[in-house]
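K.L.:
What follows is structure21.txt, compact mmCIF, C-alpha atoms.
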# COMPACT_ATOMS: atom_id res chain seq x y z
CA MET T 1 -25.22 -63.34 -0.93
CA LYS T 2 -26.01 -60.01 -2.53
CA ARG T 3 -24.69 -58.19 0.53
CA GLU T 4 -21.35 -60.11 0.40
CA LYS T 5 -20.98 -59.37 -3.31
CA MET T 6 -21.58 -55.65 -2.68
CA ALA T 7 -18.96 -55.65 0.10
CA TRP T 8 -16.38 -57.20 -2.26
CA ILE T 9 -17.13 -54.59 -4.91
CA VAL T 10 -16.62 -51.77 -2.35
CA CYS T 11 -13.32 -53.31 -1.19
CA LEU T 12 -12.03 -53.72 -4.74
CA THR T 13 -13.03 -50.12 -5.54
CA LEU T 14 -11.14 -48.79 -2.50
CA ILE T 15 -8.06 -50.86 -3.39
CA ALA T 16 -8.18 -49.52 -6.94
CA LEU T 17 -8.41 -45.94 -5.69
CA LEU T 18 -5.50 -46.42 -3.29
CA THR T 19 -3.44 -48.00 -6.05
CA LEU T 20 -4.08 -45.00 -8.29
CA GLN T 21 -3.05 -42.56 -5.54
CA LEU T 22 0.02 -44.52 -4.39
CA PRO T 23 2.43 -43.60 -7.22
CA GLY T 24 1.86 -39.89 -6.61
CA THR T 25 2.32 -40.29 -2.85
CA LEU T 26 5.51 -42.32 -3.30
CA ALA T 27 6.83 -39.84 -5.85
CA GLN T 28 6.24 -36.94 -3.45
CA ARG T 29 7.94 -38.83 -0.65
CA GLU T 30 10.90 -39.68 -2.89
CA ASP T 31 11.22 -35.98 -3.86
CA ASP T 32 11.27 -35.05 -0.16
CA TYR T 33 13.93 -37.64 0.63
CA ALA T 34 16.05 -36.54 -2.35
CA PHE T 35 15.87 -32.91 -1.18
CA VAL T 36 16.86 -33.82 2.39
CA ARG T 37 19.69 -36.05 1.18
CA THR T 38 21.07 -33.21 -0.95
CA LEU T 39 20.79 -30.76 1.92
CA VAL T 40 22.54 -33.12 4.33
CA ASP T 41 25.28 -33.82 1.78
CA ILE T 42 25.93 -30.10 1.24
CA HIS T 43 25.99 -29.51 5.00
CA ARG T 44 28.48 -32.34 5.49
CA GLN T 45 30.77 -31.10 2.69
CA VAL T 46 30.75 -27.51 3.99
CA MET T 47 31.49 -28.60 7.55
CA ALA T 48 34.34 -30.84 6.40
CA ASN T 49 35.97 -28.84 3.64
CA TYR T 50 35.14 -25.12 3.81
CA VAL T 51 38.26 -22.94 4.13
CA GLU T 52 37.17 -21.41 7.46
CA PRO T 53 35.53 -22.99 10.52
CA VAL T 54 31.72 -22.83 10.32
CA GLU T 55 29.09 -22.98 13.04
CA ALA T 56 26.67 -25.82 12.30
CA GLU T 57 23.73 -23.95 13.84
CA LYS T 58 24.28 -20.94 11.58
CA LEU T 59 24.34 -23.20 8.53
CA ARG T 60 21.07 -24.84 9.52
CA GLN T 61 19.42 -21.48 10.21
CA GLY T 62 20.72 -20.16 6.89
CA ALA T 63 19.19 -23.09 5.02
CA ILE T 64 15.79 -22.44 6.61
CA ASP T 65 15.99 -18.68 6.03
CA GLY T 66 16.98 -19.27 2.41
CA MET T 67 13.88 -21.37 1.80
CA LEU T 68 11.55 -18.88 3.49
CA SER T 69 13.13 -15.93 1.66
CA GLU T 70 11.22 -17.08 -1.42
CA LEU T 71 7.97 -16.32 0.44
CA ASP T 72 6.65 -13.08 1.95
CA PRO T 73 8.50 -11.35 4.84
CA PHE T 74 5.83 -12.43 7.34
CA SER T 75 6.62 -16.14 6.97
CA VAL T 76 9.41 -16.90 9.43
CA TYR T 77 10.87 -19.72 11.49
CA ILE T 78 10.83 -19.26 15.26
CA PRO T 79 13.45 -21.45 16.96
CA ALA T 80 12.47 -23.14 20.21
CA SER T 81 14.80 -20.77 22.09
CA GLN T 82 12.80 -17.75 20.87
CA GLN T 83 9.26 -19.09 21.25
CA LYS T 84 8.73 -17.55 24.67
CA ALA T 85 9.74 -14.06 23.52
CA PHE T 86 7.57 -14.44 20.40
CA ASP T 87 4.52 -15.49 22.43
CA GLU T 88 5.04 -12.54 24.79
CA ALA T 89 5.07 -10.13 21.85
CA ILE T 90 1.75 -11.52 20.59
CA ASP T 91 0.27 -11.08 24.07
CA GLY T 92 1.32 -7.43 24.12
CA SER T 93 4.58 -7.59 26.04
CA PHE T 94 8.17 -8.22 24.96
CA GLN T 95 11.75 -7.10 25.42
CA GLY T 96 13.05 -4.59 22.90
CA VAL T 97 12.71 -0.99 21.76
CA GLY T 98 9.12 -1.04 20.48
CA VAL T 99 9.00 -0.93 16.68
CA GLN T 100 6.74 -2.75 14.24
CA LEU T 101 8.87 -3.59 11.18
CA ASN T 102 8.21 -4.67 7.62
CA GLN T 103 10.44 -5.72 4.74
CA ALA T 104 9.50 -4.00 1.48
CA ASP T 105 9.71 -5.69 -1.93
CA ASN T 106 13.10 -4.06 -2.52
CA GLY T 107 14.44 -5.61 0.70
CA GLN T 108 14.48 -2.41 2.75
CA ILE T 109 13.49 -2.63 6.42
CA GLU T 110 10.88 0.01 7.15
CA VAL T 111 9.14 1.05 10.35
CA VAL T 112 5.40 0.40 10.08
CA SER T 113 4.87 2.14 13.40
CA PRO T 114 6.68 2.77 16.68
CA ILE T 115 4.75 1.22 19.57
CA ASP T 116 3.15 3.72 21.90
CA ASP T 117 5.26 4.81 24.90
CA SER T 118 8.19 2.63 23.78
CA PRO T 119 11.85 3.78 23.68
CA ALA T 120 11.59 4.10 19.88
CA PHE T 121 8.44 6.22 20.13
CA LYS T 122 9.92 8.55 22.76
CA ALA T 123 13.18 8.94 20.82
CA GLY T 124 11.32 10.07 17.69
CA VAL T 125 11.49 7.02 15.40
CA MET T 126 8.72 7.51 12.84
CA ALA T 127 6.50 5.35 10.67
CA GLY T 128 8.09 5.13 7.22
CA ASP T 129 11.67 5.40 8.50
CA ILE T 130 14.06 3.07 6.66
CA ILE T 131 16.55 1.35 8.98
CA THR T 132 19.87 0.94 7.18
CA LYS T 133 22.19 -0.04 10.05
CA ILE T 134 21.91 -1.62 13.49
CA ASN T 135 24.86 -1.11 15.85
CA GLY T 136 26.90 0.10 12.87
CA GLU T 137 26.25 -3.06 10.83
CA SER T 138 24.51 -2.75 7.47
CA ILE T 139 21.25 -4.71 7.29
CA GLU T 140 20.60 -4.16 3.58
CA THR T 141 20.90 -7.87 2.70
CA MET T 142 19.26 -9.25 5.85
CA ARG T 143 15.92 -10.98 6.23
CA LEU T 144 13.35 -9.40 8.51
CA SER T 145 13.72 -12.24 11.03
CA ASP T 146 17.47 -11.55 11.33
CA VAL T 147 16.85 -7.84 11.82
CA ILE T 148 14.35 -8.55 14.60
CA LYS T 149 16.94 -10.71 16.38
CA ARG T 150 19.33 -7.75 16.41
CA VAL T 151 16.68 -5.34 17.66
CA THR T 152 15.44 -7.45 20.57
CA GLY T 153 17.53 -8.14 23.66
CA LEU T 154 17.73 -7.96 27.41
CA PRO T 155 16.23 -4.91 29.18
CA GLY T 156 18.83 -2.25 29.94
CA THR T 157 21.03 -3.08 26.96
CA GLU T 158 21.69 -0.60 24.16
CA VAL T 159 20.94 -0.78 20.46
CA LYS T 160 21.76 1.86 17.81
CA PHE T 161 19.67 2.59 14.71
CA HIS T 162 20.82 4.46 11.63
CA ILE T 163 17.74 5.43 9.65
CA ARG T 164 16.90 7.24 6.44
CA ARG T 165 13.89 9.58 6.44
CA GLY T 166 13.45 10.96 2.94
CA ALA T 167 16.74 12.70 2.12
CA GLU T 168 17.67 12.95 5.81
CA GLU T 169 19.88 10.52 7.77
CA LYS T 170 19.43 10.11 11.54
CA ASP T 171 21.03 8.13 14.38
CA PHE T 172 19.15 6.84 17.42
CA THR T 173 20.58 5.23 20.55
CA LEU T 174 17.85 3.24 22.27
CA ILE T 175 17.78 1.35 25.56
CA ARG T 176 15.83 -1.90 25.43
CA GLN T 177 13.15 -2.42 28.04
CA HIS T 178 10.29 -4.75 28.85
CA ILE T 179 7.54 -3.40 26.62
CA VAL T 180 4.00 -3.71 27.91
CA VAL T 181 1.80 -2.36 25.20
CA PRO T 182 -0.98 -0.04 26.46
CA THR T 183 -3.71 -0.80 23.96
CA VAL T 184 -6.60 1.50 24.88
CA LYS T 185 -6.25 5.21 25.72
CA GLY T 186 -8.48 8.21 26.20
CA TYR T 187 -8.16 11.81 25.09
CA ARG T 188 -5.96 12.99 27.97
CA ARG T 189 -5.16 12.34 31.64
CA LYS T 190 -7.10 13.96 34.45
CA GLN T 191 -5.40 15.23 37.61
CA ASP T 192 -5.98 11.83 39.27
CA ASN T 193 -4.48 10.06 36.19
CA THR T 194 -7.78 8.53 35.11
CA TRP T 195 -8.79 9.03 31.50
CA ASP T 196 -10.74 11.99 30.23
CA TYR T 197 -12.45 10.48 27.18
CA PHE T 198 -14.03 13.64 25.79
CA ALA T 199 -12.60 15.64 22.90
CA SER T 200 -15.73 17.83 22.99
CA GLU T 201 -17.92 18.62 26.00
CA ASP T 202 -20.93 20.11 24.22
CA PRO T 203 -22.00 17.90 22.58
CA LYS T 204 -20.10 15.16 24.38
CA VAL T 205 -17.88 13.50 21.76
CA ALA T 206 -15.71 10.70 23.16
CA TYR T 207 -12.26 9.82 21.85
CA VAL T 208 -10.63 6.41 22.31
CA ARG T 209 -7.33 5.37 20.79
CA VAL T 210 -6.47 1.68 20.26
CA THR T 211 -2.72 1.22 19.80
CA GLN T 212 -2.68 -2.54 19.11
CA PHE T 213 -4.97 -5.58 19.26
CA THR T 214 -3.92 -7.93 22.05
CA GLY T 215 -5.70 -10.50 24.19
CA ASP T 216 -7.28 -7.92 26.53
CA THR T 217 -8.01 -5.12 24.05
CA TYR T 218 -11.66 -6.07 23.61
CA GLU T 219 -12.39 -5.94 27.35
CA LYS T 220 -10.50 -2.66 27.79
CA LEU T 221 -12.23 -1.01 24.83
CA ARG T 222 -15.66 -2.20 25.93
CA SER T 223 -15.02 -0.85 29.43
CA ALA T 224 -13.81 2.52 28.05
CA ILE T 225 -16.90 2.90 25.84
CA GLN T 226 -19.19 1.98 28.74
CA ASP T 227 -17.45 4.51 31.00
CA ALA T 228 -17.83 7.21 28.34
CA THR T 229 -21.48 6.27 27.79
CA ALA T 230 -22.18 6.52 31.52
CA ALA T 231 -20.61 10.00 31.43
CA GLY T 232 -23.00 11.14 28.70
CA MET T 233 -21.27 10.18 25.43
CA LYS T 234 -23.28 11.06 22.32
CA GLY T 235 -20.78 9.97 19.68
CA LEU T 236 -17.40 8.18 19.49
CA ILE T 237 -14.19 8.77 17.57
CA LEU T 238 -12.13 5.55 17.43
CA ASP T 239 -8.51 6.34 16.57
CA LEU T 240 -6.66 3.47 14.84
CA ARG T 241 -3.85 5.59 13.44
CA HIS T 242 -0.37 4.09 13.95
CA ASN T 243 -2.00 0.80 15.01
CA PRO T 244 0.12 -2.03 13.51
CA GLY T 245 -2.53 -4.71 14.13
CA GLY T 246 -2.28 -7.79 16.33
CA ARG T 247 -4.65 -10.65 17.12
CA LEU T 248 -7.45 -11.32 14.62
CA GLU T 249 -9.59 -12.74 17.45
CA SER T 250 -9.43 -9.40 19.27
CA ALA T 251 -10.47 -7.49 16.16
CA GLN T 252 -13.38 -9.88 15.60
CA GLU T 253 -14.58 -9.50 19.21
CA ILE T 254 -14.57 -5.72 18.83
CA LEU T 255 -16.50 -5.87 15.57
CA ASP T 256 -19.00 -8.27 17.14
CA MET T 257 -19.51 -5.74 19.94
CA LEU T 258 -20.38 -2.95 17.47
CA ILE T 259 -22.13 -4.66 14.53
CA PRO T 260 -25.48 -6.33 15.29
CA LYS T 261 -25.71 -8.56 12.21
CA GLY T 262 -24.05 -9.49 8.93
CA VAL T 263 -20.55 -10.43 7.78
CA LEU T 264 -17.66 -9.12 9.88
CA LEU T 265 -14.79 -10.40 7.72
CA SER T 266 -13.62 -13.47 5.84
CA THR T 267 -10.35 -15.28 5.18
CA LYS T 268 -9.35 -17.46 2.24
CA GLY T 269 -6.15 -19.16 1.09
CA ARG T 270 -4.87 -21.67 -1.45
CA ASN T 271 -5.35 -24.62 0.91
CA ARG T 272 -7.73 -22.90 3.31
CA PRO T 273 -11.46 -22.87 2.51
CA GLU T 274 -13.21 -19.54 2.80
CA ASP T 275 -13.99 -18.77 6.44
CA VAL T 276 -16.78 -16.21 6.78
CA ARG T 277 -17.07 -14.65 10.25
CA LEU T 278 -20.62 -13.51 11.06
CA ALA T 279 -21.85 -11.19 13.81
CA SER T 280 -23.25 -13.22 16.69
CA GLY T 281 -25.77 -10.56 17.70
CA GLU T 282 -24.82 -11.11 21.35
CA ASN T 283 -23.56 -8.46 23.77
CA VAL T 284 -23.86 -5.72 21.13
CA LEU T 285 -23.50 -2.21 22.56
CA PRO T 286 -26.39 0.23 22.06
CA TYR T 287 -26.02 2.29 18.89
CA PHE T 288 -24.08 5.56 18.87
CA PRO T 289 -22.65 7.55 15.91
CA MET T 290 -19.06 6.62 15.22
CA ILE T 291 -16.05 7.86 13.22
CA VAL T 292 -12.87 5.80 12.73
CA LEU T 293 -9.49 7.44 12.03
CA VAL T 294 -6.83 5.59 10.00
CA ASN T 295 -3.55 6.49 8.32
CA GLY T 296 -0.66 4.89 6.45
CA SER T 297 0.52 3.18 9.64
CA SER T 298 -2.83 1.47 10.32
CA ALA T 299 -2.16 -2.14 9.40
CA SER T 300 -3.56 -5.67 9.58
CA ALA T 301 -6.26 -6.02 12.29
CA SER T 302 -6.79 -2.24 12.44
CA GLU T 303 -7.57 -2.26 8.71
CA ILE T 304 -10.03 -5.11 9.20
CA VAL T 305 -11.86 -3.22 11.98
CA ALA T 306 -12.01 0.06 10.05
CA GLY T 307 -12.95 -1.60 6.75
CA SER T 308 -15.64 -3.81 8.27
CA LEU T 309 -17.23 -0.93 10.17
CA MET T 310 -17.26 1.07 6.93
CA ASP T 311 -18.69 -1.78 4.80
CA ASN T 312 -21.38 -2.46 7.38
CA LYS T 313 -22.29 1.26 7.41
CA ARG T 314 -21.63 1.30 11.14
CA ALA T 315 -19.01 4.06 11.06
CA LEU T 316 -17.58 6.79 8.89
CA VAL T 317 -13.87 6.33 8.13
CA MET T 318 -11.61 9.40 7.90
CA GLY T 319 -7.89 10.12 7.55
CA SER T 320 -5.56 8.68 4.93
CA ARG T 321 -5.17 5.34 3.17
CA SER T 322 -4.11 2.46 5.42
CA TYR T 323 -0.97 0.36 5.08
CA GLY T 324 -2.27 -2.71 3.22
CA LYS T 325 -1.20 -5.69 5.33
CA GLY T 326 -4.04 -8.19 5.07
CA SER T 327 -2.38 -11.59 5.29
CA VAL T 328 -3.18 -14.30 7.83
CA GLN T 329 -0.28 -16.03 9.59
CA GLU T 330 -0.71 -19.42 11.24
CA LEU T 331 1.63 -20.74 13.92
CA ILE T 332 2.54 -24.33 13.04
CA PRO T 333 4.37 -26.35 15.77
CA LEU T 334 7.27 -28.33 14.29
CA ASP T 335 8.21 -31.93 15.08
CA GLN T 336 10.57 -32.79 17.93
CA LYS T 337 9.69 -29.47 19.63
CA SER T 338 12.14 -27.75 17.30
CA GLY T 339 10.23 -24.46 17.19
CA GLU T 340 7.35 -22.98 15.24
CA LEU T 341 6.74 -21.89 11.67
CA LYS T 342 4.81 -18.64 11.25
CA LEU T 343 3.43 -19.14 7.77
CA THR T 344 1.13 -16.97 5.68
CA VAL T 345 -1.81 -19.23 4.82
CA ALA T 346 -4.60 -16.87 3.77
CA TYR T 347 -5.68 -13.29 3.11
CA TYR T 348 -8.25 -11.14 4.91
CA TYR T 349 -11.26 -9.93 2.94
CA LEU T 350 -13.69 -7.20 3.97
CA PRO T 351 -17.48 -7.83 3.99
CA SER T 352 -17.62 -6.26 0.51
CA GLY T 353 -15.21 -8.96 -0.72
CA ARG T 354 -12.38 -6.46 -1.13
CA LEU T 355 -8.82 -7.67 -0.49
CA VAL T 356 -6.93 -5.50 2.00
CA HIS T 357 -3.44 -6.86 1.31
CA ARG T 358 -1.12 -4.89 -0.92
CA LYS T 359 0.31 -7.35 -3.42
CA LYS T 360 3.25 -6.50 -5.64
CA ASP T 361 2.30 -3.94 -8.31
CA ALA T 362 -1.23 -3.62 -6.83
CA THR T 363 -3.13 -0.38 -7.30
CA ASP T 364 -6.14 -1.24 -5.11
CA TRP T 365 -5.27 -2.10 -1.49
CA GLY T 366 -5.77 -1.07 2.11
CA VAL T 367 -8.74 0.88 3.47
CA ILE T 368 -9.46 4.10 1.60
CA PRO T 369 -11.32 6.51 3.92
CA GLN T 370 -14.61 7.98 2.82
CA ILE T 371 -13.22 11.40 3.77
CA ILE T 372 -9.53 11.91 3.00
CA VAL T 373 -7.67 14.30 5.31
CA PRO T 374 -3.99 14.43 4.22
CA VAL T 375 -1.21 15.27 6.70
CA ASP T 376 2.45 15.86 5.85
CA LEU T 377 5.17 13.87 7.63
CA ALA T 378 6.53 16.77 9.69
CA THR T 379 3.09 17.65 11.06
CA GLU T 380 2.35 14.00 11.78
CA GLU T 381 5.55 13.71 13.82
CA LYS T 382 4.65 16.77 15.92
CA VAL T 383 1.08 15.58 16.42
CA MET T 384 2.35 12.21 17.66
CA ARG T 385 4.60 13.91 20.20
CA ASP T 386 1.83 16.22 21.41
CA ARG T 387 -0.56 13.29 21.71
CA ASN T 388 2.02 11.36 23.74
CA ASN T 389 2.56 14.31 26.09
CA GLN T 390 -1.18 14.66 26.59
CA GLU T 391 -1.42 11.00 27.65
CA LEU T 392 1.48 10.91 30.10
CA PHE T 393 0.88 10.05 33.74
CA ARG T 394 1.08 12.87 36.30
CA ARG T 395 1.28 15.54 33.65
CA PRO T 396 0.32 18.85 35.33
CA LEU T 397 -2.80 20.23 33.65
CA ARG T 398 -3.19 23.95 33.04
CA SER T 399 -6.05 25.89 34.63
CA ALA T 400 -7.03 29.46 35.37
CA THR T 401 -5.01 29.32 38.59
CA GLN T 402 -2.07 27.60 36.84
CA PRO T 403 -1.26 29.71 33.80
CA ALA T 404 1.07 28.45 31.12
CA THR T 405 4.75 29.05 31.81
CA GLY T 406 5.59 29.55 28.19
CA PRO T 407 4.05 29.80 24.73
CA THR T 408 1.86 26.95 23.55
CA THR T 409 3.50 25.15 20.62
CA ALA T 410 1.02 22.30 20.20
CA VAL T 411 0.26 21.50 16.56
CA VAL T 412 -3.37 21.09 15.54
CA ASP T 413 -4.23 17.46 14.80
CA THR T 414 -6.14 18.26 11.61
CA GLN T 415 -7.46 14.70 11.15
CA LEU T 416 -8.84 14.56 14.68
CA GLN T 417 -10.21 18.09 14.47
CA ARG T 418 -11.99 17.23 11.21
CA ALA T 419 -13.44 14.13 12.87
CA VAL T 420 -14.69 16.12 15.88
CA ASP T 421 -16.26 18.79 13.64
CA THR T 422 -17.96 16.11 11.53
CA MET T 423 -19.28 14.28 14.60
CA VAL T 424 -20.65 17.51 16.06
CA ALA T 425 -22.48 18.13 12.76
CA ILE T 426 -23.93 14.60 12.82
CA LEU T 427 -25.15 15.06 16.41
CA VAL T 428 -26.65 18.47 15.67
CA MET T 429 -28.60 16.97 12.74
CA GLN T 430 -29.79 14.09 14.90
CA ASN T 431 -31.14 16.47 17.52
CA GLY T 432 -32.94 18.59 14.92
CA LYS T 433 -36.03 17.88 12.84
CA MET T 434 -34.19 15.70 10.31
CA ASP T 435 -34.70 11.93 10.17
CA PRO T 436 -32.41 10.15 12.63
CA ILE T 437 -29.47 8.13 11.36
CA PRO T 438 -30.53 4.44 11.16
CA GLN T 439 -29.33 2.00 13.78
CA THR T 440 -26.95 0.35 11.31
CA GLY T 441 -24.90 3.57 11.14
CA PRO T 442 -24.49 6.37 8.60
CA ALA T 443 -25.86 5.23 5.24
CA THR T 444 -23.81 7.61 3.15
CA ALA T 445 -20.98 10.06 3.62
CA PRO T 446 -19.33 12.74 1.50
CA THR T 447 -16.27 11.54 -0.37
CA THR T 448 -13.19 13.70 -0.79
CA ARG T 449 -10.24 12.22 -2.66
What does this structure look like when you write it as structure tokens?
P.N.:
Amino acid sequence: MKREKMAWIVCLTLIALLTLQLPGTLAQREDDYAFVRTLVDIHRQVMANYVEPVEAEKLRQGAIDGMLSELDPFSVYIPASQQKAFDEAIDGSFQGVGVQLNQADNGQIEVVSPIDDSPAFKAGVMAGDIITKINGESIETMRLSDVIKRVTGLPGTEVKFHIRRGAEEKDFTLIRQHIVVPTVKGYRRKQDNTWDYFASEDPKVAYVRVTQFTGDTYEKLRSAIQDATAAGMKGLILDLRHNPGGRLESAQEILDMLIPKGVLLSTKGRNRPEDVRLASGENVLPYFPMIVLVNGSSASASEIVAGSLMDNKRALVMGSRSYGKGSVQELIPLDQKSGELKLTVAYYYLPSGRLVHRKKDATDWGVIPQIIVPVDLATEEKVMRDRNNQELFRRPLRSATQPATGPTTAVVDTQLQRAVDTMVAILVMQNGKMDPIPQTGPATAPTTR
């Protein structure tokens, strides 16, 4: 009898709770229906009575874009017709000219970074360039998603950029192609087109550049480090400059390969509980001294890698302040297979708890290197071109029997040179009578700001 009475009490309690929640649920549903009815009514009136003929699809897209325009520029709707191209871009291949774009708070479309070896990169499009026109059409009032639609297209087709770089105006005519992003590169090509990973031979300081984080970046980077280690590597310089980011999973795998224990990163959002990613302690590479290079075009996943390595005292970070893009986008499939919504749902946080993302009016954002090495825009442009030339396939290398045919005009990469000099100093101290650097990485580093 007692058991039956208790069951009735539980049932009545549940009914009471549901009754209390029901008005709110019904009110929310009624608000949704009212919004949809209003939207449908406006659509019907425009289609029937607007002075000029209107394409229904454009109206629907405009309604969606208008709603998302109240959010950040990374929250976009991907129609079903564009899902394939979007998925290819995430996997490191797509059709276009090879630029990572961002929409600033003032609406301007800026280049975060040209993608390595892409038509934009080879033509001289630079990080920080402001695109004002595409194919002669002003894009000043356009959403980022609309700009991307105009940039992408079939391989072999042409697209024209008009950009502003400081006080200078420039025009670029680019030919779209199938972009396969090379994500891991060495210092330069050997005669047989394999990578030479060493920026210094005595002591042997390896250099590896990661251009983007895609599905295979972890495996390629691990293989490159293992190859360099087998060739006698004593220290590594990991170059994340001009790296616009990519897959968070790839960044986490790389961190897990380098950090033996502790917090790698965390994410947290309004409706997303804090997700703390810990080092697994599995498949960790043997310790070696490490320096990471970043600059103002290092964004998203590259900031997470650099910041986490710095917070975990696994690497020294050098260069200039990173971009400050630390938001997490989730791909949400929509009903009726009508496409996907890429929605910002959380922010990245470094192991120290520091927010990477640059919010409006923020003064503290991005990854601030422990050693600041400033570079002006003109020098940076020349360094990028020289670096690209050094990495090209079948580039004839100079030797004593093949003297230079003209004067050398290569510009010194001051950030890389500073990193090499610093690494050499670290290795010299390690080989001397001083106490070795602990296995968790450099404990302290000089700060220059």
K.L.:
Looking at T:Val356, T:Ile134, T:Leu144, T:Ala63, which one is nearest to Lys160 of chain T, with distances taken over all atoms listed in the file?
P.N.:
T:Ile134
K.L.:
Please, what distance in Å, to one decimal, runs between atom CA of Lys122 of chain T and atom CA of Gly96 of chain T?
P.N.:
13.5 Å
K.L.:
For the atom pair atom CA of Leu71 of chain T and atom CA of Val345 of chain T, what is the interatomic distance in Å to one decimal place?
P.N.:
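Between atom CA of Leu71 of chain T and atom CA of Val345 of chain T the gap is 11.1 Å.
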K.L.:
Just the residues within 10 Å of segment 100-103 of chain T, please, counting only C-alpha atoms, with nothing from its chain fewer than 2 positions along; format it as a PyMOL selection string.
P.N.:
chain T and resi 72-74+97-98+105-115+127-131+142-145+147-148+242-245+297+325
K.L.:
Tell me which of T:Ile225, T:Val276, T:Val420, T:Ala299 sits closest to Arg247 of chain T, counting all atoms listed in the file.
P.N.:
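That would be T:Ala299, the residue with the smallest distance to Arg247 of chain T.
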K.L.:
List the neighbours of segment 185-188 of chain T out to 12 Å using all atoms listed in the file; skip same-chain residues closer than 5 positions along the sequence, and give me the result as a VMD selection string.
P.N.:
chain T and resid 116 to 117 193 to 201 205 to 212 217 220 to 225 227 to 228 236 to 240 386 to 397 416
K.L.:
What separation in Å, quoted to one decimal, exists between atom CA of Glu70 of chain T and atom CA of Leu343 of chain T?
P.N.:
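Pair atom CA of Glu70 of chain T / atom CA of Leu343 of chain T returns 12.2 Å.
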K.L.:
From the list T:Gln191, T:Val424, T:Arg164, T:Asn283, which residue is nearest Val125 of chain T when using only C-alpha atoms?
P.N.:
T:Arg164
K.L.:
Is it possible to get the axis-aligned box enclosing segment 156-164 of chain T (all listed atoms, 3 Å extra per side) as JSON, with centre and edge lengths in Å rounded to one decimal?
P.N.:
{"center_x": 19.3, "center_y": 2.1, "center_z": 18.2, "size_x": 10.9, "size_y": 16.3, "size_z": 29.5}
K.L.:
Can you pull out every residue within 6 Å of Ala315 of chain T, counting only C-alpha atoms, but drop anything in the same chain fewer than 4 positions away, and send it as a ChimeraX atom specification?
P.N.:
/T:290-291,309-310,441
K.L.:
Can you work out which one of T:Gly339, T:Gly353, T:Pro286, T:Gly324 has the shortest atom-to-atom distance to Pro79 of chain T, counting all atoms listed in the file?
P.N.:
T:Gly339
K.L.:
Pick out the closest residue to Asp171 of chain T from this set: T:Ala123, T:Met47, T:Val412, T:Leu350. Count all atoms listed in the file.
P.N.:
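Of T:Ala123, T:Met47, T:Val412, T:Leu350, the one nearest Asp171 of chain T, counting all atoms listed in the file, is T:Ala123.
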K.L.:
Kindly indicate which residue among T:Glu253, T:Glu219, T:Glu158, T:Glu380 lies nearest to Glu282 of chain T, using all atoms listed in the file for the distances.
P.N.:
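Looking at the shortest contact to Glu282 of chain T, the residue is T:Glu253.
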K.L.:
Leaving out Leu248 of chain T and any residue of its chain fewer than 4 positions from it, which residues lie within 12 Å of it when counting only C-alpha atoms, given as a VMD selection string?
P.N.:
chain T and resid 90 212 to 215 217 to 218 252 to 255 264 to 267 277 299 to 305 326 to 330 347 to 348
K.L.:
Take the residues that were just selected and, keeping C-alpha atoms, output them as a PDB file, in the coordinates of the input.
P.N.:
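Saved file out31.pdb follows:
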ATOM      1  CA  ILE T  90       1.750 -11.520  20.590  1.00  0.00           C
ATOM      2  CA  GLN T 212      -2.680  -2.540  19.110  1.00  0.00           C
ATOM      3  CA  PHE T 213      -4.970  -5.580  19.260  1.00  0.00           C
ATOM      4  CA  THR T 214      -3.920  -7.930  22.050  1.00  0.00           C
ATOM      5  CA  GLY T 215      -5.700 -10.500  24.190  1.00  0.00           C
ATOM      6  CA  THR T 217      -8.010  -5.120  24.050  1.00  0.00           C
ATOM      7  CA  TYR T 218     -11.660  -6.070  23.610  1.00  0.00           C
ATOM      8  CA  GLN T 252     -13.380  -9.880  15.600  1.00  0.00           C
ATOM      9  CA  GLU T 253     -14.580  -9.500  19.210  1.00  0.00           C
ATOM     10  CA  ILE T 254     -14.570  -5.720  18.830  1.00  0.00           C
ATOM     11  CA  LEU T 255     -16.500  -5.870  15.570  1.00  0.00           C
ATOM     12  CA  LEU T 264     -17.660  -9.120   9.880  1.00  0.00           C
ATOM     13  CA  LEU T 265     -14.790 -10.400   7.720  1.00  0.00           C
ATOM     14  CA  SER T 266     -13.620 -13.470   5.840  1.00  0.00           C
ATOM     15  CA  THR T 267     -10.350 -15.280   5.180  1.00  0.00           C
ATOM     16  CA  ARG T 277     -17.070 -14.650  10.250  1.00  0.00           C
ATOM     17  CA  ALA T 299      -2.160  -2.140   9.400  1.00  0.00           C
ATOM     18  CA  SER T 300      -3.560  -5.670   9.580  1.00  0.00           C
ATOM     19  CA  ALA T 301      -6.260  -6.020  12.290  1.00  0.00           C
ATOM     20  CA  SER T 302      -6.790  -2.240  12.440  1.00  0.00           C
ATOM     21  CA  GLU T 303      -7.570  -2.260   8.710  1.00  0.00           C
ATOM     22  CA  ILE T 304     -10.030  -5.110   9.200  1.00  0.00           C
ATOM     23  CA  VAL T 305     -11.860  -3.220  11.980  1.00  0.00           C
ATOM     24  CA  GLY T 326      -4.040  -8.190   5.070  1.00  0.00           C
ATOM     25  CA  SER T 327      -2.380 -11.590   5.290  1.00  0.00           C
ATOM     26  CA  VAL T 328      -3.180 -14.300   7.830  1.00  0.00           C
ATOM     27  CA  GLN T 329      -0.280 -16.030   9.590  1.00  0.00           C
ATOM     28  CA  GLU T 330      -0.710 -19.420  11.240  1.00  0.00           C
ATOM     29  CA  TYR T 347      -5.680 -13.290   3.110  1.00  0.00           C
ATOM     30  CA  TYR T 348      -8.250 -11.140   4.910  1.00  0.00           C
TER      31      TYR T 348
END
